[in-house]
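Notes follow the structure.
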Number of protein chains: 2
Amino acid sequence: MQEGTQTQPIDELEEINQAIDVFFLRSITEAAAISPHYESLWQEMYRLISAGGKRLRPKMVLLAYQLFGGTATEAVLPIAVATELLHMSMLIHDDIIDRDYVRYGVDNIAGAYTQKYAQLVADDSDRLHYSHSAALLAGDLLISGAYQQILTAALPAEKVVAVQKLFGQSIFEVAGGELIDTETTFRPLGEIKAETIAIYKTASYTFVSPLMIGAQLAEAPEKERACLRTFATNIGIAFQLRDDILGVFGDQSKTGKSVLGDLREGKRTYMIEQFYLLASRPDVAQFETYFGSKSLSEKDATVLRKLLTSTGAYQKTIDAISLYEQSAITALNQMHLDGKSQAKMMNLVEIATGRNK
Amino acid sequence: MQEGTQTQPIDELEEINQAIDVFFLRSITEAAAISPHYESLWQEMYRLISAGGKRLRPKMVLLAYQLFGGTATEAVLPIAVATELLHMSMLIHDDIIDRDYVRYGVDNIAGAYTQKYAQLVADDSDRLHYSHSAALLAGDLLISGAYQQILTAALPAEKVVAVQKLFGQSIFEVAGGELIDTETTFRPLGEIKAETIAIYKTASYTFVSPLMIGAQLAEAPEKERACLRTFATNIGIAFQLRDDILGVFGDQSKTGKSVLGDLREGKRTYMIEQFYLLASRPDVAQFETYFGSKSLSEKDATVLRKLLTSTGAYQKTIDAISLYEQSAITALNQMHLDGKSQAKMMNLVEIATGRNK
């Protein structure tokens with residue numbers, strides 16, 4: 001659930017951020033009426049969402065909306081913002097699951113509470129548990145907050161309801177993707193396919209859902225929507241495969257993410273699946289000496305990287321990214337877009353497949 | 001978040017349970033299309049919700065709806081059911097926070113996953129963490145599932161939207177109540193009032209929200225709604241105070257809940273607040289020898305119970321329950337209900353304040 005973009009497909013960033021501010025400032029006020037401690041939780045959420053995030057999802061909602069002729073951008077904006085609130089809720093809960101305490105280079109909710117509770121809870125394990133509890137509630141609040149945000153859109157109630165259905169579908173899919181992604185670390189190899197995780201944990205929620213919501217709001221023709229869905233699924237999978245490569249071969253100074261994390265965790269990505277299909281027994285034996293080891297060093301990682309390239313697993317993944325990219329472009333070409341819209345969509349493809357951070 | 005009732009205020013239990021079945025069977029099928037492991041999570045949720053729960057909240061939605069002349073019970077049923085789905089999500093997340101693994105006398109989600117993962121994850125602490133992760137996702141799914149369930153009601157979209165707003169308000173309040181309830185264990189005495197917790201963690205979500213949703217659906221007059229809200233808040237607080245008493249003085253064979261848990265946890269209930277207001281220094285010193293001790297014995301508990309009665313803290317709580325009950329009845333009498341409806345509401349008062357389990 002990382003994202004990166006060097007280019008801005010659309011320009012509504014400021015409006016999106018302003019709407020996010022309004023949502024949090026109102027929530028902070030309402031929470032303060034209940035308890036200063038509750039206000040505090042909302043302050044932490046606001047701090048976190050303000051610390052980073054490229055608002056890729058809201059931008060995609062607006063992009064698809066405008067692509068299909070939607071002009072009431074102001075009215076649709078709350079729905080675009082809702083996708084970012086949902087994203088924040090998923091990040092907060094994802095970080096609990098991954099036992100991560102930093103996000104966007106700052107303390108996430110659990111991280112902030114570990115410090116907030118430092119003077120109050122002596123036992124380390126209890127303090128961590130209570131910090132996770134605060135983060136758990138924060139994520140719950142943002143799931144519901146996202147649904148509520150949709151309700152504030154100045155649109156006919158029927159449209160609001162239709163959007164909520166798409167929204168619910170994406171939560172259903174991303175939670176499934178998250179579960180199997182978590183389980184893949186300890187379930188036998190081959191039981192869960194990396195592509196399934198890429199579809200449900202990444203493509204559906206990061207690309208399909210925002211784009212389809214935008215298309216729904218613009219009442220795009222059914223045929224165009226089907227192409228858009230194919231497009232979104234394919235760039236979503238490509239995005240995940242690219243992300244997996246960056247997790248091992250990336251430049252940490254650009255990705256901001258350790259290139260040892262996935263290897264230490266033993267993350268079973270598409271590339272790793274390919275490795276097991278292609279590698280000889282001795283290669284596998286050598287690989288497993290280090291893969292998944294919590295104390296894996298940079299030197300050990302170099303050994304693993306060599307095995308991933310020498311077996312062809314790396315190249316297979318690059319090829320797969322190209323194939324998904326091609327499928328996305330084929331779907332794109334079947335849509336009836338003008339040159340400018342086509343260029344914006346190609347920009348999205350670039351973001352998904354060509355990013356280096 | 002416990003509940004007990006010996007009487008059935010209304011008779012729609014079977015319809016409620018059937019609608020719950022439909023929701024879960026559909027979700028299980030959809031999850032199976034993603035992964036058998038995801039299907040498994042939904043199976044566990046279905047098992048848990050089928051194992052217990054008196055469907056108090058859905059019944060209250062229907063009760064208030066019918067009270068104010070609503071007759072399209074079939075159409076509002078999905079909304080009644082949504083309150084139970086939300087309740088289940090809160091119970092699942094509450095159990096994570098409380099580190100409880102049993103609910104309704106059976107394994108809860110985390111409890112079931114601890115066993116499911118027994119052969120897969122060797123490390124105890126990791127296994128517990130992954131089990132909590134599965135429960136975290138289950139709760140997320142039921143928050144969203146509850147919102148989705150509301151959308152299935154055969155009602156004008158405007159009504160659906162209005163109900164969702166009330167729904168969102170109750171989630172906002174219960175999460176705040178849950179946060180401060182958790183923090184009250186370790187924050188300085190007096191910083192968080194037990195009454196605030198009772199209002200937000202219990203009254204709002206268990207009584208106010210279901211009853212107000214029913215009234216909203218029946219388009220009850222504004223004045224009646226205001227009385228209903230006062231009624232619901234007061235019986236909700238009374239319910240919580242009663243629950244706190246049962247947690248210390250209850251009959252475990254009836255409540256199904258240990259009468260040592262709250263004392264071991266050092267739970268700062270209204271009764272405990274009263275104790276600190278009333279007790280002498282030596283009483284406080286003796287009290288604190290045992291209160292909050294994880295190894296507290298039944299004999300130690302007897303000492304604490306004696307202190308709670310001898311200082312008058314127990315009686316003060318009983319008196320407070322009566323006062324809240326009186327306020328509820330005053331509000332009830334200001335409503336224009338026929339004899340039969342009045343009796344049903346009095347039944348609710350009985351459930352809230354007179355229950356012994």
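Each chain in the structure tokens gets a letter, A, B, ..., in the order shown, and its residues are numbered from 1; ligands are numbered from 1 in order too.
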
Expected answer as a CSV table (one decimal) with N, CA and C atoms, in the first residue's frame: strand (DSSP E or B) residues in region 63-311 of chain A:
chain,number,residue,atom,x,y,z
A,102,VAL,N,6.0,3.7,12.1
A,102,VAL,CA,6.3,5.0,11.4
A,102,VAL,C,5.6,4.9,10.1
A,103,ARG,N,5.1,6.1,9.7
A,103,ARG,CA,4.4,6.2,8.4
A,103,ARG,C,4.7,7.6,7.9
A,106,VAL,N,6.9,9.8,9.9
A,106,VAL,CA,6.6,10.3,11.3
A,106,VAL,C,5.9,9.2,12.0
A,107,ASP,N,5.8,9.4,13.3
A,107,ASP,CA,5.0,8.3,14.1
A,107,ASP,C,3.7,8.1,13.5

Moved chain A, fitted on chain B by every C-alpha in sequence order, as a compact mmCIF listing (two decimals) with C-alpha atoms, in the first residue's frame:
# COMPACT_ATOMS: atom_id res chain seq x y z
CA MET A 1 -21.19 -4.36 26.15
CA GLN A 2 -23.03 -7.24 27.69
CA GLU A 3 -26.72 -7.55 27.61
CA GLY A 4 -29.34 -9.62 29.26
CA THR A 5 -33.03 -10.07 28.95
CA GLN A 6 -35.43 -12.66 30.19
CA THR A 7 -38.32 -11.27 28.22
CA GLN A 8 -38.81 -10.61 24.53
CA PRO A 9 -40.09 -7.09 23.91
CA ILE A 10 -41.03 -8.03 20.37
CA ASP A 11 -41.29 -11.20 18.35
CA GLU A 12 -39.21 -10.65 15.25
CA LEU A 13 -36.30 -12.73 16.51
CA GLU A 14 -36.66 -15.33 13.81
CA GLU A 15 -36.84 -12.79 10.99
CA ILE A 16 -33.78 -11.03 12.39
CA ASN A 17 -31.80 -14.26 12.55
CA GLN A 18 -32.85 -15.26 9.05
CA ALA A 19 -31.66 -11.93 7.67
CA ILE A 20 -28.36 -12.41 9.51
CA ASP A 21 -28.04 -15.84 7.89
CA VAL A 22 -28.64 -14.37 4.44
CA PHE A 23 -26.00 -11.70 4.99
CA PHE A 24 -23.35 -14.18 6.08
CA LEU A 25 -24.12 -16.85 3.52
CA ARG A 26 -23.82 -14.30 0.73
CA SER A 27 -20.57 -12.93 2.17
CA ILE A 28 -19.14 -16.43 2.58
CA THR A 29 -19.86 -17.17 -1.09
CA GLU A 30 -18.27 -13.92 -2.22
CA ALA A 31 -15.23 -14.48 -0.02
CA ALA A 32 -14.82 -18.02 -1.35
CA ALA A 33 -14.45 -16.54 -4.84
CA ILE A 34 -11.37 -14.69 -3.58
CA SER A 35 -9.71 -17.38 -1.44
CA PRO A 36 -10.67 -20.36 0.74
CA HIS A 37 -8.74 -18.66 3.54
CA TYR A 38 -10.88 -15.59 3.24
CA GLU A 39 -13.99 -17.76 3.18
CA SER A 40 -12.71 -19.24 6.40
CA LEU A 41 -12.67 -15.85 8.12
CA TRP A 42 -16.29 -15.25 7.14
CA GLN A 43 -17.23 -18.73 8.34
CA GLU A 44 -15.73 -17.87 11.74
CA MET A 45 -17.71 -14.63 11.91
CA TYR A 46 -20.90 -16.48 11.04
CA ARG A 47 -20.17 -19.14 13.65
CA LEU A 48 -19.63 -16.47 16.27
CA ILE A 49 -22.75 -14.42 15.59
CA SER A 50 -24.80 -17.63 15.52
CA ALA A 51 -23.44 -18.71 18.91
CA GLY A 52 -25.19 -16.05 20.93
CA GLY A 53 -26.53 -12.56 21.31
CA LYS A 54 -30.10 -11.65 22.10
CA ARG A 55 -30.46 -9.27 19.14
CA LEU A 56 -31.46 -6.57 21.62
CA ARG A 57 -30.47 -3.76 19.25
CA PRO A 58 -32.40 -4.94 16.17
CA LYS A 59 -35.41 -5.56 18.41
CA MET A 60 -35.20 -2.01 19.72
CA VAL A 61 -35.05 -0.58 16.18
CA LEU A 62 -38.25 -2.46 15.33
CA LEU A 63 -39.84 -1.60 18.67
CA ALA A 64 -39.35 2.15 18.22
CA TYR A 65 -40.38 1.91 14.59
CA GLN A 66 -43.67 0.22 15.47
CA LEU A 67 -44.19 2.45 18.50
CA PHE A 68 -44.48 5.45 16.21
CA GLY A 69 -46.78 3.76 13.77
CA GLY A 70 -44.29 2.19 11.36
CA THR A 71 -45.82 -0.78 9.56
CA ALA A 72 -43.29 -1.68 6.83
CA THR A 73 -41.37 -3.95 9.17
CA GLU A 74 -40.09 -6.07 6.29
CA ALA A 75 -38.51 -3.03 4.61
CA VAL A 76 -36.91 -1.81 7.80
CA LEU A 77 -35.56 -5.20 8.85
CA PRO A 78 -32.16 -4.87 7.06
CA ILE A 79 -31.52 -1.71 9.05
CA ALA A 80 -32.39 -3.48 12.30
CA VAL A 81 -29.98 -6.24 11.32
CA ALA A 82 -27.27 -3.67 10.54
CA THR A 83 -27.23 -2.63 14.21
CA GLU A 84 -26.45 -6.25 15.14
CA LEU A 85 -23.64 -6.46 12.57
CA LEU A 86 -22.17 -3.28 13.95
CA HIS A 87 -22.52 -4.68 17.45
CA MET A 88 -20.66 -7.83 16.41
CA SER A 89 -17.87 -5.73 14.90
CA MET A 90 -17.55 -3.75 18.12
CA LEU A 91 -17.51 -6.93 20.22
CA ILE A 92 -14.76 -8.42 18.07
CA HIS A 93 -12.62 -5.29 18.35
CA ASP A 94 -13.49 -4.85 22.03
CA ASP A 95 -12.24 -8.38 22.66
CA ILE A 96 -8.94 -7.54 20.96
CA ILE A 97 -8.58 -4.53 23.24
CA ASP A 98 -9.53 -6.56 26.32
CA ARG A 99 -7.40 -9.52 25.22
CA ASP A 100 -10.42 -11.81 25.61
CA TYR A 101 -10.67 -14.96 23.53
CA VAL A 102 -14.10 -16.26 24.47
CA ARG A 103 -17.48 -14.74 23.63
CA TYR A 104 -20.94 -16.28 24.06
CA GLY A 105 -19.16 -19.22 25.68
CA VAL A 106 -17.28 -20.09 22.47
CA ASP A 107 -14.01 -19.02 20.86
CA ASN A 108 -14.23 -15.52 19.45
CA ILE A 109 -12.42 -14.69 16.19
CA ALA A 110 -8.97 -14.29 17.75
CA GLY A 111 -9.57 -17.38 19.88
CA ALA A 112 -10.50 -19.49 16.85
CA TYR A 113 -7.49 -18.26 14.87
CA THR A 114 -5.11 -19.06 17.70
CA GLN A 115 -6.08 -22.66 17.11
CA LYS A 116 -6.29 -22.41 13.33
CA TYR A 117 -2.74 -21.06 13.21
CA ALA A 118 -1.42 -23.51 15.82
CA GLN A 119 0.30 -25.72 13.24
CA LEU A 120 1.40 -22.82 11.07
CA VAL A 121 3.03 -20.31 13.40
CA ALA A 122 5.48 -21.70 15.94
CA ASP A 123 6.12 -18.58 17.98
CA ASP A 124 3.40 -17.95 20.61
CA SER A 125 3.57 -14.20 20.46
CA ASP A 126 3.53 -14.14 16.65
CA ARG A 127 0.59 -16.54 16.58
CA LEU A 128 -1.36 -14.33 18.96
CA HIS A 129 -0.53 -11.30 16.87
CA TYR A 130 -1.71 -12.93 13.64
CA SER A 131 -4.89 -14.08 15.39
CA HIS A 132 -5.55 -10.52 16.50
CA SER A 133 -4.90 -9.40 12.92
CA ALA A 134 -7.59 -11.74 11.60
CA ALA A 135 -10.00 -10.42 14.24
CA LEU A 136 -9.06 -6.85 13.35
CA LEU A 137 -10.00 -7.48 9.71
CA ALA A 138 -13.21 -9.27 10.75
CA GLY A 139 -14.31 -6.22 12.72
CA ASP A 140 -13.47 -3.89 9.83
CA LEU A 141 -15.52 -6.04 7.50
CA LEU A 142 -18.53 -5.90 9.79
CA ILE A 143 -18.40 -2.12 10.16
CA SER A 144 -18.51 -1.84 6.40
CA GLY A 145 -20.93 -4.77 6.19
CA ALA A 146 -23.32 -2.97 8.52
CA TYR A 147 -23.28 0.10 6.28
CA GLN A 148 -23.84 -2.12 3.26
CA GLN A 149 -26.69 -3.93 4.98
CA ILE A 150 -28.48 -0.59 5.45
CA LEU A 151 -28.28 -0.09 1.68
CA THR A 152 -30.28 -3.25 1.07
CA ALA A 153 -33.38 -1.85 2.77
CA ALA A 154 -36.24 -1.32 0.32
CA LEU A 155 -36.67 2.30 1.32
CA PRO A 156 -36.28 5.66 -0.43
CA ALA A 157 -32.58 6.56 -0.70
CA GLU A 158 -33.18 9.69 1.43
CA LYS A 159 -34.30 7.54 4.35
CA VAL A 160 -31.31 5.27 3.95
CA VAL A 161 -28.99 8.27 4.07
CA ALA A 162 -30.69 9.68 7.18
CA VAL A 163 -30.30 6.36 8.98
CA GLN A 164 -26.65 6.15 8.01
CA LYS A 165 -26.03 9.52 9.62
CA LEU A 166 -27.43 8.29 12.94
CA PHE A 167 -25.40 5.15 12.51
CA GLY A 168 -22.19 7.09 11.96
CA GLN A 169 -22.89 9.21 15.02
CA SER A 170 -23.18 6.10 17.17
CA ILE A 171 -19.87 4.71 15.88
CA PHE A 172 -18.23 8.06 16.56
CA GLU A 173 -19.55 8.02 20.12
CA VAL A 174 -18.90 4.38 20.96
CA ALA A 175 -15.29 4.57 19.74
CA GLY A 176 -14.75 7.59 21.97
CA GLY A 177 -16.35 5.76 24.88
CA GLU A 178 -14.20 2.73 24.22
CA LEU A 179 -11.02 4.81 24.10
CA ILE A 180 -11.63 6.59 27.39
CA ASP A 181 -12.84 3.38 29.00
CA THR A 182 -9.55 1.75 28.07
CA GLU A 183 -7.53 4.75 29.24
CA THR A 184 -9.37 5.03 32.53
CA THR A 185 -7.49 1.98 33.80
CA PHE A 186 -4.20 3.86 33.80
CA ARG A 187 -5.07 7.56 33.80
CA PRO A 188 -5.18 9.40 37.14
CA LEU A 189 -8.39 9.00 39.13
CA GLY A 190 -10.96 11.66 38.35
CA GLU A 191 -9.61 12.49 34.89
CA ILE A 192 -12.34 10.52 33.16
CA LYS A 193 -15.82 10.29 34.66
CA ALA A 194 -17.54 6.90 34.72
CA GLU A 195 -20.76 8.61 33.68
CA THR A 196 -19.13 9.88 30.48
CA ILE A 197 -18.07 6.34 29.64
CA ALA A 198 -21.56 5.05 30.43
CA ILE A 199 -23.11 7.65 28.13
CA TYR A 200 -20.83 7.09 25.15
CA LYS A 201 -19.75 3.50 25.41
CA THR A 202 -23.11 2.07 26.46
CA ALA A 203 -26.14 4.36 26.39
CA SER A 204 -25.52 5.99 23.03
CA TYR A 205 -24.71 2.89 21.12
CA THR A 206 -26.85 0.27 22.85
CA PHE A 207 -30.03 2.24 23.51
CA VAL A 208 -30.07 5.69 21.95
CA SER A 209 -28.93 4.69 18.48
CA PRO A 210 -31.27 1.72 17.86
CA LEU A 211 -34.30 3.52 19.31
CA MET A 212 -33.59 6.76 17.44
CA ILE A 213 -33.06 4.88 14.19
CA GLY A 214 -36.46 3.22 14.64
CA ALA A 215 -38.08 6.57 15.43
CA GLN A 216 -36.40 8.18 12.44
CA LEU A 217 -37.66 5.44 10.15
CA ALA A 218 -41.21 5.91 11.46
CA GLU A 219 -40.84 9.68 11.10
CA ALA A 220 -41.78 10.23 14.73
CA PRO A 221 -42.54 13.86 15.68
CA GLU A 222 -39.49 15.85 16.82
CA LYS A 223 -40.87 16.30 20.33
CA GLU A 224 -41.46 12.59 20.82
CA ARG A 225 -37.97 11.88 19.56
CA ALA A 226 -36.44 14.24 22.08
CA CYS A 227 -38.26 12.38 24.89
CA LEU A 228 -37.19 9.05 23.44
CA ARG A 229 -33.57 10.19 23.43
CA THR A 230 -33.77 11.24 27.09
CA PHE A 231 -35.43 7.95 27.92
CA ALA A 232 -32.76 5.95 26.08
CA THR A 233 -29.82 7.83 27.55
CA ASN A 234 -31.10 7.34 31.08
CA ILE A 235 -31.86 3.65 30.81
CA GLY A 236 -28.52 3.22 29.08
CA ILE A 237 -26.63 4.75 31.96
CA ALA A 238 -28.72 2.74 34.44
CA PHE A 239 -27.91 -0.39 32.45
CA GLN A 240 -24.17 0.31 32.65
CA LEU A 241 -24.27 1.03 36.40
CA ARG A 242 -26.23 -2.15 36.95
CA ASP A 243 -23.70 -4.02 34.82
CA ASP A 244 -20.87 -2.64 36.94
CA ILE A 245 -22.59 -3.85 40.11
CA LEU A 246 -23.12 -7.30 38.59
CA GLY A 247 -19.44 -7.34 37.65
CA VAL A 248 -18.56 -7.28 41.36
CA PHE A 249 -21.65 -8.47 43.27
CA GLY A 250 -23.31 -10.60 40.58
CA ASP A 251 -24.07 -14.28 40.58
CA GLN A 252 -21.60 -15.83 38.16
CA SER A 253 -23.96 -18.73 37.49
CA LYS A 254 -26.45 -16.19 36.12
CA THR A 255 -24.20 -13.56 34.52
CA GLY A 256 -21.79 -16.10 33.01
CA LYS A 257 -19.08 -13.59 33.87
CA SER A 258 -16.40 -13.82 36.55
CA VAL A 259 -17.06 -11.54 39.53
CA LEU A 260 -13.32 -11.11 39.94
CA GLY A 261 -12.53 -9.75 36.44
CA ASP A 262 -13.44 -6.10 37.00
CA LEU A 263 -11.69 -6.03 40.38
CA ARG A 264 -8.54 -7.63 38.99
CA GLU A 265 -8.55 -5.20 36.10
CA GLY A 266 -9.07 -2.29 38.49
CA LYS A 267 -12.02 -1.11 36.44
CA ARG A 268 -12.99 2.40 37.51
CA THR A 269 -16.73 2.19 37.49
CA TYR A 270 -19.21 4.67 38.93
CA MET A 271 -19.31 2.57 42.11
CA ILE A 272 -15.54 2.76 42.46
CA GLU A 273 -15.65 6.53 41.92
CA GLN A 274 -18.20 6.74 44.74
CA PHE A 275 -15.95 4.63 46.94
CA TYR A 276 -13.07 7.09 46.53
CA LEU A 277 -15.39 9.98 47.38
CA LEU A 278 -16.73 8.29 50.51
CA ALA A 279 -13.90 6.19 51.93
CA SER A 280 -11.54 7.10 54.74
CA ARG A 281 -7.80 6.99 54.18
CA PRO A 282 -7.37 3.63 55.89
CA ASP A 283 -10.27 2.25 53.82
CA VAL A 284 -8.59 3.46 50.65
CA ALA A 285 -5.30 1.96 51.72
CA GLN A 286 -6.91 -1.41 52.40
CA PHE A 287 -8.86 -1.23 49.15
CA GLU A 288 -5.77 -0.55 47.09
CA THR A 289 -3.98 -3.57 48.55
CA TYR A 290 -6.19 -5.74 46.36
CA PHE A 291 -7.93 -3.57 43.78
CA GLY A 292 -6.28 -3.98 40.36
CA SER A 293 -4.19 -6.94 41.49
CA LYS A 294 -4.02 -9.58 38.79
CA SER A 295 -3.71 -12.32 41.41
CA LEU A 296 -6.74 -11.17 43.43
CA SER A 297 -8.48 -14.13 45.12
CA GLU A 298 -12.13 -14.70 45.97
CA LYS A 299 -11.20 -13.95 49.59
CA ASP A 300 -9.59 -10.64 48.62
CA ALA A 301 -12.70 -9.82 46.60
CA THR A 302 -14.81 -10.33 49.72
CA VAL A 303 -12.74 -7.68 51.49
CA LEU A 304 -13.29 -5.27 48.60
CA ARG A 305 -17.02 -5.98 48.49
CA LYS A 306 -17.29 -5.26 52.23
CA LEU A 307 -15.51 -1.94 51.75
CA LEU A 308 -17.84 -1.04 48.89
CA THR A 309 -20.90 -1.69 51.05
CA SER A 310 -19.59 -0.29 54.36
CA THR A 311 -18.59 3.02 52.76
CA GLY A 312 -21.98 3.32 51.09
CA ALA A 313 -20.54 3.21 47.54
CA TYR A 314 -22.72 0.24 46.68
CA GLN A 315 -25.87 1.96 47.98
CA LYS A 316 -24.99 5.22 46.20
CA THR A 317 -24.84 3.26 42.96
CA ILE A 318 -28.19 1.59 43.61
CA ASP A 319 -29.64 5.03 44.32
CA ALA A 320 -28.14 6.43 41.13
CA ILE A 321 -29.68 3.60 39.12
CA SER A 322 -33.07 4.49 40.63
CA LEU A 323 -32.61 8.13 39.72
CA TYR A 324 -31.71 7.36 36.13
CA GLU A 325 -34.63 4.97 36.00
CA GLN A 326 -36.96 7.67 37.30
CA SER A 327 -35.69 10.15 34.72
CA ALA A 328 -36.30 7.57 32.01
CA ILE A 329 -39.85 6.98 33.22
CA THR A 330 -40.54 10.72 33.40
CA ALA A 331 -39.44 11.07 29.78
CA LEU A 332 -41.54 8.06 28.86
CA ASN A 333 -44.62 9.60 30.45
CA GLN A 334 -44.17 12.73 28.37
CA MET A 335 -44.52 10.64 25.23
CA HIS A 336 -47.96 10.01 23.82
CA LEU A 337 -48.00 6.25 23.81
CA ASP A 338 -50.93 3.88 24.09
CA GLY A 339 -51.04 1.39 26.96
CA LYS A 340 -49.53 -1.47 25.00
CA SER A 341 -46.60 0.60 23.75
CA GLN A 342 -46.06 2.02 27.23
CA ALA A 343 -45.85 -1.53 28.56
CA LYS A 344 -43.25 -2.49 25.95
CA MET A 345 -41.11 0.46 26.91
CA MET A 346 -41.44 -0.36 30.62
CA ASN A 347 -40.25 -3.80 29.67
CA LEU A 348 -37.09 -2.19 28.27
CA VAL A 349 -36.61 -0.30 31.53
CA GLU A 350 -36.89 -3.61 33.34
CA ILE A 351 -34.30 -5.17 31.05
CA ALA A 352 -31.91 -2.30 31.66
CA THR A 353 -32.22 -1.86 35.38
CA GLY A 354 -33.63 -5.01 36.90
CA ARG A 355 -31.68 -7.69 35.12
CA ASN A 356 -29.70 -10.14 37.17
CA LYS A 357 -27.75 -11.63 34.32
